[in-house]
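A.B. asks: Just model37.pdb, nothing more (PDB, C-alpha atoms, pLDDT in the B column):
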ATOM      1  CA  GLY A   1       9.964  -7.766  -3.892  1.00 55.00           C
ATOM      2  CA  PHE A   2       8.909 -11.276  -4.754  1.00 53.00           C
ATOM      3  CA  VAL A   3       6.149 -11.016  -7.346  1.00 55.00           C
ATOM      4  CA  ASN A   4       3.743 -13.938  -7.012  1.00 59.00           C
ATOM      5  CA  ASP A   5       1.626 -14.427 -10.144  1.00 61.00           C
ATOM      6  CA  GLY A   6       1.286 -10.735 -11.043  1.00 61.00           C
ATOM      7  CA  THR A   7       1.358  -9.948 -14.764  1.00 59.00           C
ATOM      8  CA  LEU A   8       2.502  -6.779 -16.476  1.00 52.00           C
ATOM      9  CA  SER A   9      -0.154  -4.352 -17.641  1.00 55.00           C
ATOM     10  CA  GLY A  10      -0.269  -0.794 -18.892  1.00 85.00           C
ATOM     11  CA  GLY A  11       0.509   1.545 -16.023  1.00 93.00           C
ATOM     12  CA  LYS A  12      -0.342   5.097 -15.123  1.00 96.00           C
ATOM     13  CA  PHE A  13       3.236   5.964 -16.036  1.00 94.00           C
ATOM     14  CA  GLY A  14       5.080   3.328 -18.054  1.00 91.00           C
ATOM     15  CA  ASN A  15       4.337  -0.241 -17.053  1.00 91.00           C
ATOM     16  CA  ALA A  16       2.655  -1.671 -13.951  1.00 89.00           C
ATOM     17  CA  LEU A  17       1.553  -4.919 -12.323  1.00 89.00           C
ATOM     18  CA  SER A  18      -1.918  -6.400 -12.618  1.00 88.00           C
ATOM     19  CA  PHE A  19      -3.439  -8.367  -9.715  1.00 89.00           C
ATOM     20  CA  ASP A  20      -6.323 -10.828 -10.049  1.00 88.00           C
ATOM     21  CA  GLY A  21      -7.927 -10.358  -6.605  1.00 88.00           C
ATOM     22  CA  SER A  22      -7.549 -14.068  -5.914  1.00 87.00           C
ATOM     23  CA  ASP A  23      -3.957 -14.838  -4.953  1.00 86.00           C
ATOM     24  CA  ASP A  24      -1.634 -12.367  -6.704  1.00 91.00           C
ATOM     25  CA  ASN A  25       0.710 -10.295  -4.568  1.00 91.00           C
ATOM     26  CA  VAL A  26       4.102  -8.651  -4.327  1.00 92.00           C
ATOM     27  CA  PHE A  27       6.154  -9.658  -1.282  1.00 92.00           C
ATOM     28  CA  VAL A  28       8.932  -7.482   0.125  1.00 94.00           C
ATOM     29  CA  ASP A  29      11.229  -8.563   2.957  1.00 93.00           C
ATOM     30  CA  GLY A  30      10.203  -6.393   5.889  1.00 93.00           C
ATOM     31  CA  SER A  31      13.166  -7.090   8.137  1.00 93.00           C
ATOM     32  CA  LEU A  32      15.170  -4.031   7.070  1.00 91.00           C
ATOM     33  CA  ALA A  33      14.780  -1.317   9.696  1.00 93.00           C
ATOM     34  CA  ASP A  34      14.115   1.553   7.292  1.00 96.00           C
ATOM     35  CA  LEU A  35      10.699   0.127   6.357  1.00 96.00           C
ATOM     36  CA  SER A  36       9.246   0.686   9.825  1.00 97.00           C
ATOM     37  CA  GLY A  37       9.616   2.720  13.009  1.00 97.00           C
ATOM     38  CA  MET A  38       9.323   6.115  11.314  1.00 97.00           C
ATOM     39  CA  SER A  39       8.190   9.246  13.129  1.00 97.00           C
ATOM     40  CA  GLU A  40       6.991  10.585   9.771  1.00 98.00           C
ATOM     41  CA  LEU A  41       5.608   8.709   6.772  1.00 98.00           C
ATOM     42  CA  THR A  42       4.210   9.349   3.322  1.00 98.00           C
ATOM     43  CA  LEU A  43       2.908   6.267   1.490  1.00 98.00           C
ATOM     44  CA  GLU A  44       1.782   6.819  -2.103  1.00 98.00           C
ATOM     45  CA  ALA A  45       0.568   4.718  -5.021  1.00 98.00           C
ATOM     46  CA  TRP A  46      -1.459   4.773  -8.210  1.00 98.00           C
ATOM     47  CA  ILE A  47      -4.265   2.211  -8.404  1.00 98.00           C
ATOM     48  CA  TYR A  48      -6.795   1.029 -10.993  1.00 97.00           C
ATOM     49  CA  VAL A  49      -9.562  -0.995  -9.336  1.00 97.00           C
ATOM     50  CA  ARG A  50     -11.355  -3.559 -11.512  1.00 95.00           C
ATOM     51  CA  SER A  51     -13.702  -4.912  -8.832  1.00 94.00           C
ATOM     52  CA  TYR A  52     -14.303  -4.451  -5.121  1.00 94.00           C
ATOM     53  CA  PRO A  53     -13.521  -7.220  -2.620  1.00 90.00           C
ATOM     54  CA  SER A  54     -16.543  -9.397  -1.942  1.00 81.00           C
ATOM     55  CA  ALA A  55     -18.036 -10.812   1.279  1.00 65.00           C
ATOM     56  CA  ALA A  56     -18.542  -8.681   4.379  1.00 48.00           C
ATOM     57  CA  LEU A  57     -16.065  -9.225   7.203  1.00 47.00           C
ATOM     58  CA  GLY A  58     -16.755  -6.776  10.017  1.00 44.00           C
ATOM     59  CA  HIS A  59     -16.432  -3.349   8.392  1.00 46.00           C
ATOM     60  CA  GLY A  60     -16.358  -5.058   4.989  1.00 52.00           C
ATOM     61  CA  SER A  61     -13.664  -7.039   3.291  1.00 86.00           C
ATOM     62  CA  PHE A  62     -10.518  -5.191   2.227  1.00 92.00           C
ATOM     63  CA  GLY A  63      -8.262  -5.322  -0.811  1.00 94.00           C
ATOM     64  CA  GLY A  64      -4.700  -4.570   0.196  1.00 95.00           C
ATOM     65  CA  ILE A  65      -2.951  -1.917  -1.889  1.00 97.00           C
ATOM     66  CA  VAL A  66       0.261  -1.451   0.120  1.00 96.00           C
ATOM     67  CA  THR A  67       0.378  -3.022   3.578  1.00 96.00           C
ATOM     68  CA  LYS A  68       2.967  -3.652   6.257  1.00 96.00           C
ATOM     69  CA  TRP A  69       0.461  -5.242   8.583  1.00 96.00           C
ATOM     70  CA  TYR A  70       0.208  -8.210  10.932  1.00 95.00           C
ATOM     71  CA  GLN A  71      -3.211  -7.950  12.639  1.00 92.00           C
ATOM     72  CA  SER A  72      -1.445  -7.071  15.908  1.00 93.00           C
ATOM     73  CA  THR A  73      -1.207  -3.667  17.593  1.00 91.00           C
ATOM     74  CA  THR A  74       2.459  -4.330  18.350  1.00 93.00           C
ATOM     75  CA  LYS A  75       3.470  -5.208  14.764  1.00 95.00           C
ATOM     76  CA  ASP A  76       1.044  -3.333  12.494  1.00 95.00           C
ATOM     77  CA  THR A  77       2.928  -0.478  10.825  1.00 96.00           C
ATOM     78  CA  TYR A  78       1.007   1.098   7.909  1.00 97.00           C
ATOM     79  CA  GLY A  79      -1.379   0.211   5.145  1.00 97.00           C
ATOM     80  CA  ILE A  80      -3.867   1.395   2.540  1.00 98.00           C
ATOM     81  CA  TRP A  81      -6.804  -0.768   1.461  1.00 96.00           C
ATOM     82  CA  VAL A  82      -9.944  -0.437  -0.636  1.00 96.00           C
ATOM     83  CA  SER A  83     -13.055  -1.580   1.209  1.00 93.00           C
ATOM     84  CA  GLY A  84     -15.320  -4.175  -0.359  1.00 88.00           C
ATOM     85  CA  GLU A  85     -19.007  -4.822  -0.776  1.00 73.00           C
ATOM     86  CA  GLY A  86     -19.952  -5.094   2.903  1.00 69.00           C
ATOM     87  CA  GLY A  87     -20.150  -2.577   5.723  1.00 70.00           C
ATOM     88  CA  ALA A  88     -20.914   1.114   6.072  1.00 73.00           C
ATOM     89  CA  TYR A  89     -17.742   2.163   4.251  1.00 81.00           C
ATOM     90  CA  LYS A  90     -18.030  -0.058   1.180  1.00 88.00           C
ATOM     91  CA  HIS A  91     -16.044   0.991  -1.888  1.00 94.00           C
ATOM     92  CA  LYS A  92     -14.057   3.537   0.147  1.00 95.00           C
ATOM     93  CA  LEU A  93     -10.372   3.966   0.846  1.00 96.00           C
ATOM     94  CA  VAL A  94      -9.122   2.764   4.241  1.00 95.00           C
ATOM     95  CA  GLY A  95      -5.880   3.745   5.968  1.00 96.00           C
ATOM     96  CA  GLY A  96      -4.160   2.336   9.037  1.00 96.00           C
ATOM     97  CA  LEU A  97      -1.110   3.156  11.153  1.00 96.00           C
ATOM     98  CA  GLY A  98       0.212   1.088  14.024  1.00 93.00           C
ATOM     99  CA  PRO A  99      -0.113   1.506  16.869  1.00 89.00           C
ATOM    100  CA  GLN A 100      -1.646   4.984  16.593  1.00 84.00           C
ATOM    101  CA  VAL A 101      -4.666   4.500  14.353  1.00 85.00           C
ATOM    102  CA  GLU A 102      -5.021   0.856  13.227  1.00 76.00           C
ATOM    103  CA  HIS A 103      -7.907   0.817  10.676  1.00 68.00           C
ATOM    104  CA  GLY A 104      -8.896   4.281  11.827  1.00 86.00           C
ATOM    105  CA  LEU A 105      -8.937   6.352   8.639  1.00 95.00           C
ATOM    106  CA  TRP A 106     -12.096   5.797   6.583  1.00 94.00           C
ATOM    107  CA  GLY A 107     -12.677   7.553   3.285  1.00 96.00           C
ATOM    108  CA  THR A 108     -15.940   9.182   2.266  1.00 95.00           C
ATOM    109  CA  THR A 109     -15.702   8.974  -1.542  1.00 96.00           C
ATOM    110  CA  ASP A 110     -16.248   5.846  -3.618  1.00 96.00           C
ATOM    111  CA  VAL A 111     -13.083   4.616  -5.301  1.00 97.00           C
ATOM    112  CA  SER A 112     -14.616   4.341  -8.758  1.00 97.00           C
ATOM    113  CA  LEU A 113     -13.861   1.317 -10.905  1.00 98.00           C
ATOM    114  CA  ASN A 114     -11.833   1.198 -14.103  1.00 98.00           C
ATOM    115  CA  THR A 115     -10.072   4.518 -13.701  1.00 98.00           C
ATOM    116  CA  TRP A 116      -6.729   5.561 -12.250  1.00 98.00           C
ATOM    117  CA  HIS A 117      -6.615   6.960  -8.709  1.00 98.00           C
ATOM    118  CA  TYR A 118      -3.769   8.469  -6.714  1.00 98.00           C
ATOM    119  CA  VAL A 119      -3.818   7.387  -3.058  1.00 98.00           C
ATOM    120  CA  ALA A 120      -1.683   8.617  -0.161  1.00 98.00           C
ATOM    121  CA  LEU A 121      -1.334   8.112   3.587  1.00 98.00           C
ATOM    122  CA  VAL A 122       0.590  10.694   5.643  1.00 98.00           C
ATOM    123  CA  TYR A 123       1.696  10.546   9.281  1.00 97.00           C
ATOM    124  CA  ASP A 124       3.452  13.376  11.147  1.00 97.00           C
ATOM    125  CA  SER A 125       4.223  12.710  14.810  1.00 96.00           C
ATOM    126  CA  SER A 126       5.374  16.314  15.389  1.00 97.00           C
ATOM    127  CA  ALA A 127       2.047  17.689  14.196  1.00 97.00           C
ATOM    128  CA  GLY A 128       0.193  14.753  15.746  1.00 95.00           C
ATOM    129  CA  THR A 129      -1.739  14.082  12.553  1.00 96.00           C
ATOM    130  CA  ALA A 130      -2.630  11.218  10.227  1.00 97.00           C
ATOM    131  CA  GLU A 131      -4.248  11.925   6.858  1.00 98.00           C
ATOM    132  CA  LEU A 132      -5.683   9.800   4.043  1.00 98.00           C
ATOM    133  CA  TYR A 133      -5.973  11.166   0.488  1.00 98.00           C
ATOM    134  CA  LEU A 134      -7.756  10.088  -2.695  1.00 98.00           C
ATOM    135  CA  ASP A 135      -6.807  11.869  -5.923  1.00 98.00           C
ATOM    136  CA  GLY A 136      -5.139  14.635  -3.945  1.00 98.00           C
ATOM    137  CA  SER A 137      -8.198  15.420  -1.798  1.00 98.00           C
ATOM    138  CA  LEU A 138      -8.328  14.810   1.945  1.00 98.00           C
ATOM    139  CA  GLU A 139     -10.618  11.866   2.747  1.00 97.00           C
ATOM    140  CA  ALA A 140      -9.996  11.433   6.463  1.00 97.00           C
ATOM    141  CA  SER A 141      -7.794  12.840   9.227  1.00 97.00           C
ATOM    142  CA  ILE A 142      -7.069  12.225  12.898  1.00 95.00           C
ATOM    143  CA  THR A 143      -5.301  14.587  15.315  1.00 95.00           C
ATOM    144  CA  GLY A 144      -3.745  14.244  18.749  1.00 94.00           C
ATOM    145  CA  LEU A 145      -1.399  11.409  17.810  1.00 94.00           C
ATOM    146  CA  SER A 146       2.202  10.942  18.915  1.00 94.00           C
ATOM    147  CA  GLY A 147       5.140   8.589  18.764  1.00 95.00           C
ATOM    148  CA  SER A 148       6.842   6.583  16.049  1.00 96.00           C
ATOM    149  CA  LEU A 149       5.228   3.819  14.052  1.00 96.00           C
ATOM    150  CA  ASN A 150       5.826   0.245  15.170  1.00 96.00           C
ATOM    151  CA  SER A 151       9.231  -1.234  14.435  1.00 96.00           C
ATOM    152  CA  ALA A 152       8.485  -4.703  13.088  1.00 95.00           C
ATOM    153  CA  ASP A 153      10.071  -7.252  10.756  1.00 95.00           C
ATOM    154  CA  ASN A 154       6.881  -8.606   9.184  1.00 95.00           C
ATOM    155  CA  PRO A 155       6.640  -8.490   5.374  1.00 94.00           C
ATOM    156  CA  LEU A 156       5.396  -5.661   3.239  1.00 94.00           C
ATOM    157  CA  TYR A 157       2.833  -6.631   0.600  1.00 94.00           C
ATOM    158  CA  MET A 158       1.458  -4.926  -2.466  1.00 93.00           C
ATOM    159  CA  GLY A 159      -1.836  -6.227  -3.766  1.00 92.00           C
ATOM    160  CA  ALA A 160      -2.567  -8.129  -0.559  1.00 92.00           C
ATOM    161  CA  ASP A 161      -2.306  -8.189   3.242  1.00 93.00           C
ATOM    162  CA  TYR A 162      -0.676 -10.496   5.806  1.00 93.00           C
ATOM    163  CA  TYR A 163      -2.403 -12.369   8.624  1.00 93.00           C
ATOM    164  CA  GLY A 164       0.589 -12.898  10.849  1.00 94.00           C
ATOM    165  CA  ILE A 165      -1.101 -13.829  14.127  1.00 94.00           C
ATOM    166  CA  ALA A 166      -2.426 -17.149  12.810  1.00 92.00           C
ATOM    167  CA  ALA A 167      -0.695 -20.358  13.894  1.00 94.00           C
ATOM    168  CA  THR A 168       0.316 -20.622  10.245  1.00 95.00           C
ATOM    169  CA  PRO A 169       0.472 -17.044   8.896  1.00 94.00           C
ATOM    170  CA  TYR A 170      -1.084 -16.488   5.482  1.00 93.00           C
ATOM    171  CA  VAL A 171      -1.689 -13.860   2.817  1.00 90.00           C
ATOM    172  CA  TRP A 172      -5.243 -12.560   2.298  1.00 92.00           C
ATOM    173  CA  ARG A 173      -7.289  -9.473   1.352  1.00 92.00           C
ATOM    174  CA  PHE A 174      -6.274  -9.600  -2.295  1.00 91.00           C
ATOM    175  CA  PHE A 175      -6.629  -6.607  -4.608  1.00 92.00           C
ATOM    176  CA  ASP A 176      -8.237  -6.848  -8.054  1.00 93.00           C
ATOM    177  CA  GLY A 177      -6.722  -4.276 -10.359  1.00 93.00           C
ATOM    178  CA  ILE A 178      -3.472  -2.592 -11.332  1.00 94.00           C
ATOM    179  CA  ILE A 179      -0.905  -0.962  -9.045  1.00 93.00           C
ATOM    180  CA  ASP A 180       1.774   1.425 -10.255  1.00 95.00           C
ATOM    181  CA  GLU A 181       4.344   3.824  -8.791  1.00 96.00           C
ATOM    182  CA  VAL A 182       4.539   2.858  -5.115  1.00 96.00           C
ATOM    183  CA  ARG A 183       6.670   5.177  -2.981  1.00 98.00           C
ATOM    184  CA  ILE A 184       7.423   5.128   0.747  1.00 98.00           C
ATOM    185  CA  SER A 185       9.033   8.223   2.290  1.00 98.00           C
ATOM    186  CA  ASN A 186      10.217   8.864   5.836  1.00 98.00           C
ATOM    187  CA  MET A 187       8.962  12.447   5.838  1.00 98.00           C
ATOM    188  CA  ALA A 188       5.414  13.824   5.930  1.00 98.00           C
ATOM    189  CA  HIS A 189       4.732  15.395   2.538  1.00 98.00           C
ATOM    190  CA  ALA A 190       2.083  18.004   1.864  1.00 97.00           C
ATOM    191  CA  ILE A 191      -0.419  16.503  -0.591  1.00 97.00           C
ATOM    192  CA  SER A 192      -2.060  18.833  -3.082  1.00 93.00           C
ATOM    193  CA  GLY A 193      -3.624  17.354  -6.203  1.00 95.00           C
ATOM    194  CA  SER A 194      -2.445  14.282  -8.073  1.00 97.00           C
ATOM    195  CA  PRO A 195       1.088  13.930  -9.475  1.00 97.00           C
ATOM    196  CA  THR A 196       1.415  14.525 -13.207  1.00 97.00           C
ATOM    197  CA  SER A 197       4.477  12.343 -13.765  1.00 96.00           C
ATOM    198  CA  ALA A 198       6.160   9.249 -12.392  1.00 96.00           C
ATOM    199  CA  PHE A 199       7.539   9.474  -8.867  1.00 97.00           C
ATOM    200  CA  ILE A 200      11.209  10.338  -8.463  1.00 97.00           C
ATOM    201  CA  ARG A 201      13.631   9.270  -5.794  1.00 97.00           C
ATOM    202  CA  LYS A 202      14.245  11.956  -3.165  1.00 97.00           C
ATOM    203  CA  SER A 203      16.515  12.156  -0.130  1.00 97.00           C
ATOM    204  CA  ASP A 204      13.658  10.911   2.064  1.00 98.00           C
ATOM    205  CA  THR A 205      12.649   8.029  -0.232  1.00 97.00           C
ATOM    206  CA  VAL A 206      12.773   4.707   1.605  1.00 97.00           C
ATOM    207  CA  ALA A 207      11.517   2.618  -1.310  1.00 97.00           C
ATOM    208  CA  LEU A 208      10.156   3.295  -4.787  1.00 96.00           C
ATOM    209  CA  TRP A 209       8.801   0.685  -7.170  1.00 94.00           C
ATOM    210  CA  HIS A 210       8.047   1.776 -10.749  1.00 94.00           C
ATOM    211  CA  PHE A 211       7.235  -1.755 -12.006  1.00 90.00           C
ATOM    212  CA  ASP A 212       8.823  -0.872 -15.345  1.00 90.00           C
ATOM    213  CA  GLU A 213      11.346  -3.728 -15.666  1.00 82.00           C
ATOM    214  CA  SER A 214       9.350  -5.643 -18.297  1.00 75.00           C
ATOM    215  CA  VAL A 215      11.989  -8.405 -18.474  1.00 72.00           C
ATOM    216  CA  GLY A 216      14.079 -10.470 -16.088  1.00 62.00           C
ATOM    217  CA  THR A 217      13.463 -11.980 -12.671  1.00 68.00           C
ATOM    218  CA  LEU A 218      13.930  -8.987 -10.378  1.00 74.00           C
ATOM    219  CA  ALA A 219      11.647  -6.184  -9.249  1.00 71.00           C
ATOM    220  CA  PHE A 220      13.869  -3.244  -8.406  1.00 86.00           C
ATOM    221  CA  SER A 221      13.368  -0.545  -5.800  1.00 94.00           C
ATOM    222  CA  ASP A 222      14.875   2.830  -6.584  1.00 93.00           C
ATOM    223  CA  SER A 223      16.230   3.561  -3.101  1.00 93.00           C
ATOM    224  CA  ALA A 224      19.460   3.949  -1.151  1.00 90.00           C
ATOM    225  CA  ILE A 225      18.884   0.621   0.624  1.00 92.00           C
ATOM    226  CA  SER A 226      17.918  -2.188  -1.717  1.00 91.00           C
ATOM    227  CA  HIS A 227      14.435  -3.645  -1.433  1.00 93.00           C
ATOM    228  CA  THR A 228      14.827  -5.729  -4.577  1.00 73.00           C
ATOM    229  CA  GLY A 229      13.500  -9.265  -4.593  1.00 58.00           C
ATOM    230  CA  ILE A 230      13.098 -12.237  -6.883  1.00 57.00           C
ATOM    231  CA  ILE A 231      10.124 -12.468  -9.228  1.00 61.00           C
ATOM    232  CA  ASP A 232       8.308 -15.749  -8.641  1.00 54.00           C
ATOM    233  CA  GLY A 233       5.621 -16.865 -11.070  1.00 49.00           C
ATOM    234  CA  ALA A 234       5.062 -13.533 -12.796  1.00 54.00           C
ATOM    235  CA  SER A 235       5.309 -12.676 -16.476  1.00 52.00           C
ATOM    236  CA  TRP A 236       6.257  -9.205 -17.650  1.00 57.00           C
TER
END
Represent the structure contained in this file as structure tokens.

C.D. replies:
Amino acid sequence: GFVNDGTLSGGKFGNALSFDGSDDNVFVDGSLADLSGMSELTLEAWIYVRSYPSAALGHGSFGGIVTKWYQSTTKDTYGIWVSGEGGAYKHKLVGGLGPQVEHGLWGTTDVSLNTWHYVALVYDSSAGTAELYLDGSLEASITGLSGSLNSADNPLYMGADYYGIAATPYVWRFFDGIIDEVRISNMAHAISGSPTSAFIRKSDTVALWHFDESVGTLAFSDSAISHTGIIDGASW
């Protein structure tokens, strides 16, 4: 993806990208069909939160971890956020799936600062379930769901979110911390505990970013279909 002002930091496994919570983000072209429209999904990442988003906006402000969102029930696809200082669910993990759940999965455990956490969002249309995990433990679940996720061409962001319904769309909900090992799979994986090594590419891997390049102007995705972009304004 396009990396906008992220800087390399020590990762959970190897290197990673650090985000300042102000305007840093990773942009990935969302027009390729494999990034949306799945009937099953597992979205995973390692995060290190330095501070929670400030200012209450409804349920509390969010910091986008991995989001393919638009603020529209017809184009929202999936996302994981950390909730900020305002609202009943402050400092918790938040998961959304479009159109089934939107921001419907609310964690119950504080995402503690300055430590590594494994986060995962799982959707299985056959089982009719959506599940949100923190450090391998189930935080929230919803049953009785059906259908595939929205097929949409809006961007995917890491470290931020996209407000696509505005007259002039913009990036917001910035994340303050470090993100490492982002993997998107088109199958529903069983989550049990936290991984003990870097993610590997599997047959169901749609995209996998290790953020280990350290040099050059490209951020590579380890996947059958390329989701590589140009690094813009970042230093490794």

A.B. asks: Name the residues captured by the PyMOL selection byres ((chain A and resi 150) around 9) when it is applied to the shown file; answer as a list of chain:residue names.

C.D. replies: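 That selection, the PyMOL selection byres ((chain A and resi 150) around 9), comes back as A:Ser36, A:Gly37, A:Met38, A:Thr73, A:Thr74, A:Lys75, A:Asp76, A:Thr77, A:Tyr78, A:Leu97, A:Gly98, A:Pro99, A:Gln100, A:Ser148, A:Leu149, A:Ser151, A:Ala152.
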
A.B. asks: I want to know what sits within 8 Å of His189 of chain A, based on only C-alpha atoms, with residues of the same chain fewer than 4 positions away left out; could you give that as a list of chain:residue names?

C.D. replies: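 The neighbour list is A:Leu41, A:Thr42, A:Val122.
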
A.B. asks: Generate the output file for the selected residues, C-alpha atoms, as a compact mmCIF listing (two decimals), in the coordinates of the input.

C.D. replies:
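The resulting file, part.txt, is reproduced below:
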# COMPACT_ATOMS: atom_id res chain seq x y z
CA LEU A 41 5.61 8.71 6.77
CA THR A 42 4.21 9.35 3.32
CA VAL A 122 0.59 10.69 5.64

A.B. asks: Record the distance separating atom CA of Ile165 of chain A and atom CA of Gly107 of chain A, expressed in Å with one decimal.

C.D. replies: 26.6 Å

A.B. asks: So which one's closest to Lys202 of chain A, A:Ala224, A:Tyr123, A:Pro155, A:Ala219? Using only C-alpha atoms, please.

C.D. replies: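 So, comparing all the options, the nearest one is A:Ala224.
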
A.B. asks: One decimal, Å: what's the distance from atom CA of Gly147 of chain A over to atom CA of Gly96 of chain A, could you say?

C.D. replies: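 Going from atom CA of Gly147 of chain A over to atom CA of Gly96 of chain A, I get 14.8 Å.
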
A.B. asks: What's the 10 Å shell around Ser51 of chain A, counting all atoms listed in the file, without same-chain residues fewer than 5 positions away, as a list in words?

C.D. replies: Asp20, Gly21, Gly63, Gly84, Glu85, His91, Ser112, Leu113, Asn114, Phe175, Asp176 and Gly177 of chain A

A.B. asks: Which value, in Å to one decimal, gives the distance between atom CA of Ala127 of chain A and atom CA of Ser146 of chain A?

C.D. replies: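 These two atoms are separated by 8.2 Å.
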
A.B. asks: Hey, which of A:Val182, A:Val206, A:Leu132, A:Met187 ends up closest to Ile47 of chain A? Count all atoms listed in the file.

C.D. replies: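 Of A:Val182, A:Val206, A:Leu132, A:Met187, the one nearest Ile47 of chain A, counting all atoms listed in the file, is A:Val182.
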
A.B. asks: Smallest atom-to-atom distance to Ser125 of chain A: which of A:Asn186, A:Ser214, A:Ser31, A:Ser39, using only C-alpha atoms?

C.D. replies: A:Ser39

A.B. asks: On this file, the PyMOL selection byres ((chain A and resi 10) around 12) gives some set of residues; write that set as a PyMOL selection string.

C.D. replies: chain A and resi 7-9+11-18+47-48+116+177-180+210-212+214+236

A.B. asks: Print the selection's residues with C-alpha atoms to a file, as a tab-separated table (two decimals), in the frame of the given file.

C.D. replies:
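The resulting file, again34.tsv, is reproduced below:
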chain	number	residue	atom	x	y	z
A	7	THR	CA	1.36	-9.95	-14.76
A	8	LEU	CA	2.50	-6.78	-16.48
A	9	SER	CA	-0.15	-4.35	-17.64
A	11	GLY	CA	0.51	1.54	-16.02
A	12	LYS	CA	-0.34	5.10	-15.12
A	13	PHE	CA	3.24	5.96	-16.04
A	14	GLY	CA	5.08	3.33	-18.05
A	15	ASN	CA	4.34	-0.24	-17.05
A	16	ALA	CA	2.66	-1.67	-13.95
A	17	LEU	CA	1.55	-4.92	-12.32
A	18	SER	CA	-1.92	-6.40	-12.62
A	47	ILE	CA	-4.26	2.21	-8.40
A	48	TYR	CA	-6.80	1.03	-10.99
A	116	TRP	CA	-6.73	5.56	-12.25
A	177	GLY	CA	-6.72	-4.28	-10.36
A	178	ILE	CA	-3.47	-2.59	-11.33
A	179	ILE	CA	-0.90	-0.96	-9.04
A	180	ASP	CA	1.77	1.42	-10.26
A	210	HIS	CA	8.05	1.78	-10.75
A	211	PHE	CA	7.24	-1.76	-12.01
A	212	ASP	CA	8.82	-0.87	-15.34
A	214	SER	CA	9.35	-5.64	-18.30
A	236	TRP	CA	6.26	-9.20	-17.65

A.B. asks: Which of these residues is nearest to Ala207 of chain A, using only C-alpha atoms: A:Ile80, A:Ala160, A:Leu35, A:Val26?

C.D. replies: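 Counting only C-alpha atoms, the residue closest to Ala207 of chain A is A:Leu35.
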
A.B. asks: Could you check the closest approach to Arg50 of chain A for each of A:Trp69, A:Phe19, A:Trp81, A:Phe27 and tell me which residue wins, using all atoms listed in the file?

C.D. replies: A:Phe19

A.B. asks: Atoms are missing here; could segment 8-20 of chain A be completed with N, CA and C atoms and written as a PDB file, keeping the file's coordinate frame?

C.D. replies:
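Okay, rebuild.pdb is ready:
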ATOM      1  N   LEU A   8       2.301  -8.166 -16.074  1.00 52.00           N
ATOM      2  CA  LEU A   8       2.502  -6.779 -16.476  1.00 52.00           C
ATOM      3  C   LEU A   8       1.299  -6.246 -17.233  1.00 52.00           C
ATOM      4  N   SER A   9       0.936  -5.013 -16.936  1.00 55.00           N
ATOM      5  CA  SER A   9      -0.154  -4.352 -17.641  1.00 55.00           C
ATOM      6  C   SER A   9       0.233  -2.916 -17.859  1.00 55.00           C
ATOM      7  N   GLY A  10      -0.549  -2.201 -18.670  1.00 85.00           N
ATOM      8  CA  GLY A  10      -0.269  -0.794 -18.892  1.00 85.00           C
ATOM      9  C   GLY A  10      -0.449  -0.012 -17.608  1.00 85.00           C
ATOM     10  N   GLY A  11       0.535   0.809 -17.272  1.00 93.00           N
ATOM     11  CA  GLY A  11       0.509   1.545 -16.023  1.00 93.00           C
ATOM     12  C   GLY A  11       0.026   2.967 -16.187  1.00 93.00           C
ATOM     13  N   LYS A  12      -0.053   3.668 -15.087  1.00 96.00           N
ATOM     14  CA  LYS A  12      -0.342   5.097 -15.123  1.00 96.00           C
ATOM     15  C   LYS A  12       0.806   5.835 -15.782  1.00 96.00           C
ATOM     16  N   PHE A  13       2.031   5.427 -15.428  1.00 94.00           N
ATOM     17  CA  PHE A  13       3.236   5.964 -16.036  1.00 94.00           C
ATOM     18  C   PHE A  13       4.131   4.781 -16.390  1.00 94.00           C
ATOM     19  N   GLY A  14       4.301   4.494 -17.658  1.00 91.00           N
ATOM     20  CA  GLY A  14       5.080   3.328 -18.054  1.00 91.00           C
ATOM     21  C   GLY A  14       4.291   2.050 -17.810  1.00 91.00           C
ATOM     22  N   ASN A  15       4.973   1.041 -17.307  1.00 91.00           N
ATOM     23  CA  ASN A  15       4.337  -0.241 -17.053  1.00 91.00           C
ATOM     24  C   ASN A  15       3.862  -0.345 -15.612  1.00 91.00           C
ATOM     25  N   ALA A  16       3.206  -1.460 -15.287  1.00 89.00           N
ATOM     26  CA  ALA A  16       2.655  -1.671 -13.951  1.00 89.00           C
ATOM     27  C   ALA A  16       2.408  -3.157 -13.760  1.00 89.00           C
ATOM     28  N   LEU A  17       1.917  -3.531 -12.595  1.00 89.00           N
ATOM     29  CA  LEU A  17       1.553  -4.919 -12.323  1.00 89.00           C
ATOM     30  C   LEU A  17       0.054  -5.041 -12.131  1.00 89.00           C
ATOM     31  N   SER A  18      -0.499  -6.117 -12.723  1.00 88.00           N
ATOM     32  CA  SER A  18      -1.918  -6.400 -12.618  1.00 88.00           C
ATOM     33  C   SER A  18      -2.123  -7.551 -11.628  1.00 88.00           C
ATOM     34  N   PHE A  19      -3.134  -7.399 -10.764  1.00 89.00           N
ATOM     35  CA  PHE A  19      -3.439  -8.367  -9.715  1.00 89.00           C
ATOM     36  C   PHE A  19      -4.854  -8.892  -9.905  1.00 89.00           C
ATOM     37  N   ASP A  20      -5.046 -10.207  -9.707  1.00 88.00           N
ATOM     38  CA  ASP A  20      -6.323 -10.828 -10.049  1.00 88.00           C
ATOM     39  C   ASP A  20      -7.341 -10.853  -8.921  1.00 88.00           C
TER      40      ASP A  20
END
